[in-house]
Amino acid sequence: MDHDSLYKKLLTVFFLEFVESFLPGPAKYIDPSSIEFLDKETFAGIRPRRRREMDLVVKVRFKDSQQAFFLIHVEHQSTSPADFPHRMFRYFIRLTEKYNLPVYPVVIFSHDKPDTLVPETYEVAFPDKTVLQFNYTAIQLNRLPWRKFVAQPNPVATALMTRMQIREADRPKVKAECLRLLVTLKLTPDKAELIYVFIENYLKLNADENRIYEREISKLVDQEKDAAMEIISSIRRDAREEMLTLQLQHRFSTLPVAITEKLDKLNGEQLKELGLEIFNFQSLSELEEWLSKR
Amino acid sequence: MEIISSIRREAREEMLTLLLQHRFSALPAPITEKLNKLSGEQLKELGVELFNIQSLSEVEEWLFLR
């Protein structure tokens with residue numbers, strides 16, 4: 001999964017949480033039960049150079065209305081190119097034409113530098129008049145102070161905090177805070193891993209910073225440490241199952257659902273044991289027999 | 001590039017190390033060092049490739065090509 005797909009996954013899995021933390025306006029008037037993710041092929045061909053997987057388009061309903069829908073379009077940008085406002089406008093046109101619905105355009109800028117303010121408008125102006133002023137919402141992470149989000153138990157805020165405005169000296173502390181927030185969120189293992197991937201990849205520490213980070217982590221209370229360990233061991237368990245499933249599929253070309261269901265129920269230790277056995281199975285029925293004994 | 005957590009990557013490496021040890025007994029240091037440097041994606045590949053590998057020298061060869 002590359003950077004863009006990682007952002008897309010974050011926003012898809014936690015769309016409402018994203019709206020709640022970063023789009024306070026729409027948060028007030030969208031109907032949370034009406035979220036529908038639209039086809040990702042919408043932007044095929046519009047991108048310069050290469051065709052990238054497009055960012056997010058979500059159809060939502062206005063609260064207090066049975067009929068009125070609108071779209072929220074979210075782009076992720078790791079740079080701020082000069083032609084971006086124009087591109088944002090073209091997306092807007094494309095979506096408007098295709099769906100004939102009002103569009104609320106949003107972009108998340110995740111670049112580190114520069115921290116100069118990015119534009120939030122695209123204008124077509126002449127000396128005598130402005131023909132068009134197209135406005136969108138830019139969430140420029142490197143201008144958001146992380147402290148503003150540290151009190152929010154929100155998974156998207158925790159993940160994106162890693163790209164926010166952080167003083168050099170605070171970096172280890174912020175990473176530790178992210179981890180603390182992650183364990184207090186009490187997410188399912190796969191969701192927790194998604195946030196963890198952000199923390200690990202987007203707030204990389206050098207050796208000195210790491211020492212401070214370790215010290216900060218050691219200050220976590222026992223309950224938080226236990227929760228962190230639980231997350232780690234469930235990711236490990238899941239990684240083992242993933243590897244085994246792959247190997248068994250390769251070995252027997254297909255895996256019956258009955259078997260994958262049994263694999264789902266094995267604990268980490270059992271999966272490790274099974275990992276050592278895979279060369280001894282001559283047939284699926286031998287695997288089944290092994291599984292039935294657990 | 002696939003972005004995964006280091007926890008997941010290490011779990012893959014551990015599974016493979018155990019499996020290789022189980023199959024070929026002790027692993028020479030150069031092999032464990034090589035395993036240490038594989039990406040998450042490569043570890044997954046090796047996990048499947050193991051079914052075509054008969055000897056430790058074939059493992060070495062595979063690793064050498066990465």
# chains A, B, ... in the order shown; residues from 1 in each chain; ligands from 1
$ closest_atom_pairs --of "chain A" --to "chain B" --cutoff "12 Å" --atoms "only C-alpha atoms" --output "Markdown table"
| residue | atom | partner | partner_atom | distance |
| --- | --- | --- | --- | --- |
| A:Met1 | CA | B:Glu2 | CA | 4.0 |
| A:Asp2 | CA | B:Met1 | CA | 5.5 |
| A:His3 | CA | B:Ile3 | CA | 7.5 |
| A:Asp4 | CA | B:Ile3 | CA | 10.6 |
| A:Ser5 | CA | B:Ile3 | CA | 9.6 |
| A:Leu6 | CA | B:Ile3 | CA | 7.8 |
| A:Tyr7 | CA | B:Ile3 | CA | 11.3 |
| A:Pro189 | CA | B:Arg8 | CA | 12.0 |
| A:Asp190 | CA | B:Ser5 | CA | 11.1 |
| A:Ala192 | CA | B:Ser5 | CA | 10.8 |
| A:Glu193 | CA | B:Ser5 | CA | 7.2 |
| A:Leu194 | CA | B:Ser5 | CA | 8.3 |
| A:Ile195 | CA | B:Ser5 | CA | 9.7 |
| A:Tyr196 | CA | B:Ser5 | CA | 7.0 |
| A:Val197 | CA | B:Ser5 | CA | 5.1 |
| A:Phe198 | CA | B:Ser5 | CA | 8.7 |
| A:Ile199 | CA | B:Ser5 | CA | 9.4 |
| A:Glu200 | CA | B:Ser5 | CA | 7.1 |
| A:Asn201 | CA | B:Ser5 | CA | 8.0 |
| A:Tyr202 | CA | B:Ile3 | CA | 10.9 |
| A:Met229 | CA | B:Ile7 | CA | 11.2 |
| A:Ile231 | CA | B:Ile7 | CA | 10.0 |
| A:Ile232 | CA | B:Ile7 | CA | 6.9 |
| A:Ser233 | CA | B:Ile7 | CA | 8.8 |
| A:Ser234 | CA | B:Arg8 | CA | 9.9 |
| A:Ile235 | CA | B:Arg8 | CA | 6.3 |
| A:Arg236 | CA | B:Ala11 | CA | 5.5 |
| A:Arg237 | CA | B:Ala11 | CA | 8.1 |
| A:Asp238 | CA | B:Arg8 | CA | 8.1 |
| A:Ala239 | CA | B:Arg8 | CA | 5.5 |
| A:Arg240 | CA | B:Ala11 | CA | 6.6 |
| A:Glu241 | CA | B:Arg12 | CA | 9.8 |
| A:Glu242 | CA | B:Arg12 | CA | 9.0 |
| A:Met243 | CA | B:Lys44 | CA | 6.7 |
| A:Leu244 | CA | B:Gly47 | CA | 8.5 |
| A:Thr245 | CA | B:Val48 | CA | 10.1 |
| A:Leu246 | CA | B:Val48 | CA | 7.0 |
| A:Gln247 | CA | B:Val48 | CA | 5.2 |
| A:Leu248 | CA | B:Val48 | CA | 8.6 |
| A:Gln249 | CA | B:Val48 | CA | 9.1 |
| A:His250 | CA | B:Val48 | CA | 6.6 |
| A:Arg251 | CA | B:Phe51 | CA | 7.4 |
| A:Phe252 | CA | B:Phe51 | CA | 11.1 |
| A:Ser253 | CA | B:Val48 | CA | 11.7 |
| A:Gly268 | CA | B:Ala11 | CA | 10.5 |
| A:Glu269 | CA | B:Met15 | CA | 11.2 |
| A:Leu271 | CA | B:Met15 | CA | 9.4 |
| A:Lys272 | CA | B:Met15 | CA | 6.9 |
| A:Glu273 | CA | B:Met15 | CA | 9.7 |
| A:Leu274 | CA | B:Leu19 | CA | 10.0 |
| A:Gly275 | CA | B:Leu19 | CA | 6.8 |
| A:Leu276 | CA | B:Leu19 | CA | 5.3 |
| A:Glu277 | CA | B:Leu19 | CA | 8.6 |
| A:Ile278 | CA | B:Leu19 | CA | 9.0 |
| A:Phe279 | CA | B:Phe51 | CA | 7.9 |
| A:Asn280 | CA | B:Arg23 | CA | 10.5 |
| A:Phe281 | CA | B:Phe51 | CA | 11.9 |
$ residues_around --residues "Val174 (chain A)" --least-positions-apart "3" --cutoff "10 Å" --atoms "only C-alpha atoms" --output "compact mmCIF listing (two decimals) with N, CA, C and O atoms, in the first residue's frame"
# COMPACT_ATOMS: atom_id res chain seq x y z
N TRP A 146 -0.23 20.47 16.95
CA TRP A 146 -0.62 19.14 17.42
C TRP A 146 -1.34 19.18 18.76
O TRP A 146 -2.21 18.35 19.03
N ARG A 147 -0.97 20.15 19.59
CA ARG A 147 -1.57 20.19 20.93
C ARG A 147 -3.07 20.37 20.91
O ARG A 147 -3.79 19.96 21.82
N VAL A 150 -4.51 16.83 20.82
CA VAL A 150 -4.05 15.78 21.73
C VAL A 150 -5.13 15.40 22.75
O VAL A 150 -5.15 14.30 23.27
N THR A 158 -5.32 11.39 15.64
CA THR A 158 -4.09 10.74 16.12
C THR A 158 -3.16 10.42 14.94
O THR A 158 -1.96 10.69 14.99
N MET A 161 -1.82 13.66 13.33
CA MET A 161 -0.97 14.45 14.23
C MET A 161 0.51 14.29 13.88
O MET A 161 1.31 15.19 14.05
N THR A 162 0.83 13.11 13.34
CA THR A 162 2.22 12.82 12.99
C THR A 162 2.75 13.75 11.90
O THR A 162 3.95 13.84 11.69
N MET A 164 1.57 17.03 11.70
CA MET A 164 1.21 18.39 12.07
C MET A 164 2.43 19.23 12.44
O MET A 164 3.56 18.77 12.37
N ILE A 166 4.99 20.46 14.58
CA ILE A 166 5.60 19.94 15.81
C ILE A 166 6.97 20.59 15.97
O ILE A 166 7.78 20.56 15.04
N ARG A 167 7.22 21.17 17.14
CA ARG A 167 8.56 21.73 17.36
C ARG A 167 9.56 20.58 17.39
O ARG A 167 9.26 19.50 17.89
N ALA A 169 11.97 19.75 19.20
CA ALA A 169 12.21 19.13 20.50
C ALA A 169 11.03 18.28 20.97
O ALA A 169 11.18 17.41 21.83
N ASP A 170 9.87 18.53 20.40
CA ASP A 170 8.67 17.82 20.86
C ASP A 170 8.42 16.50 20.14
O ASP A 170 7.52 15.74 20.51
N ARG A 171 9.18 16.22 19.09
CA ARG A 171 8.88 15.07 18.25
C ARG A 171 8.74 13.73 19.01
O ARG A 171 7.73 13.03 18.84
N GLU A 177 2.74 10.44 22.70
CA GLU A 177 1.33 10.83 22.89
C GLU A 177 0.43 10.10 21.89
O GLU A 177 -0.68 9.69 22.25
N CYS A 178 0.90 9.97 20.67
CA CYS A 178 0.12 9.26 19.65
C CYS A 178 -0.13 7.82 20.09
O CYS A 178 -1.24 7.29 19.97
N LEU A 179 0.92 7.19 20.60
CA LEU A 179 0.78 5.81 21.03
C LEU A 179 -0.21 5.71 22.20
O LEU A 179 -1.06 4.82 22.25
N ARG A 180 -0.08 6.68 23.11
CA ARG A 180 -0.99 6.68 24.26
C ARG A 180 -2.44 6.85 23.79
O ARG A 180 -3.35 6.15 24.23
N ILE A 199 1.72 6.32 12.68
CA ILE A 199 2.62 6.79 13.74
C ILE A 199 4.05 6.37 13.43
O ILE A 199 5.00 7.14 13.55
N LEU A 203 6.27 9.64 11.58
CA LEU A 203 6.99 10.36 12.62
C LEU A 203 8.22 9.52 12.96
O LEU A 203 8.29 8.86 13.99
N TYR A 213 11.89 8.99 23.40
CA TYR A 213 10.60 8.34 23.16
C TYR A 213 10.42 7.13 24.09
O TYR A 213 9.38 6.99 24.74
N GLU A 216 9.60 8.24 27.47
CA GLU A 216 8.21 8.70 27.55
C GLU A 216 7.26 7.50 27.63
O GLU A 216 6.30 7.50 28.41
$ select_by_dssp --residues "region 239-275 of chain A" --states "alpha helix (DSSP H)" --output "ChimeraX atom specification"
/A:239-252,257-265,268-275
$ atom_distance --atom1 "CA of Leu71 (chain A)" --atom2 "CA of Glu123 (chain A)"
21.7 Å
$ atom_distance --atom1 "CA of Leu263 (chain A)" --atom2 "CA of Ser285 (chain A)"
14.5 Å
$ select_by_dssp --residues "region 66-258 of chain A" --states "strand (DSSP E or B)" --output "PyMOL selection string"
chain A and resi 69-77+103-109+121-125+130-135+137-140+145+165
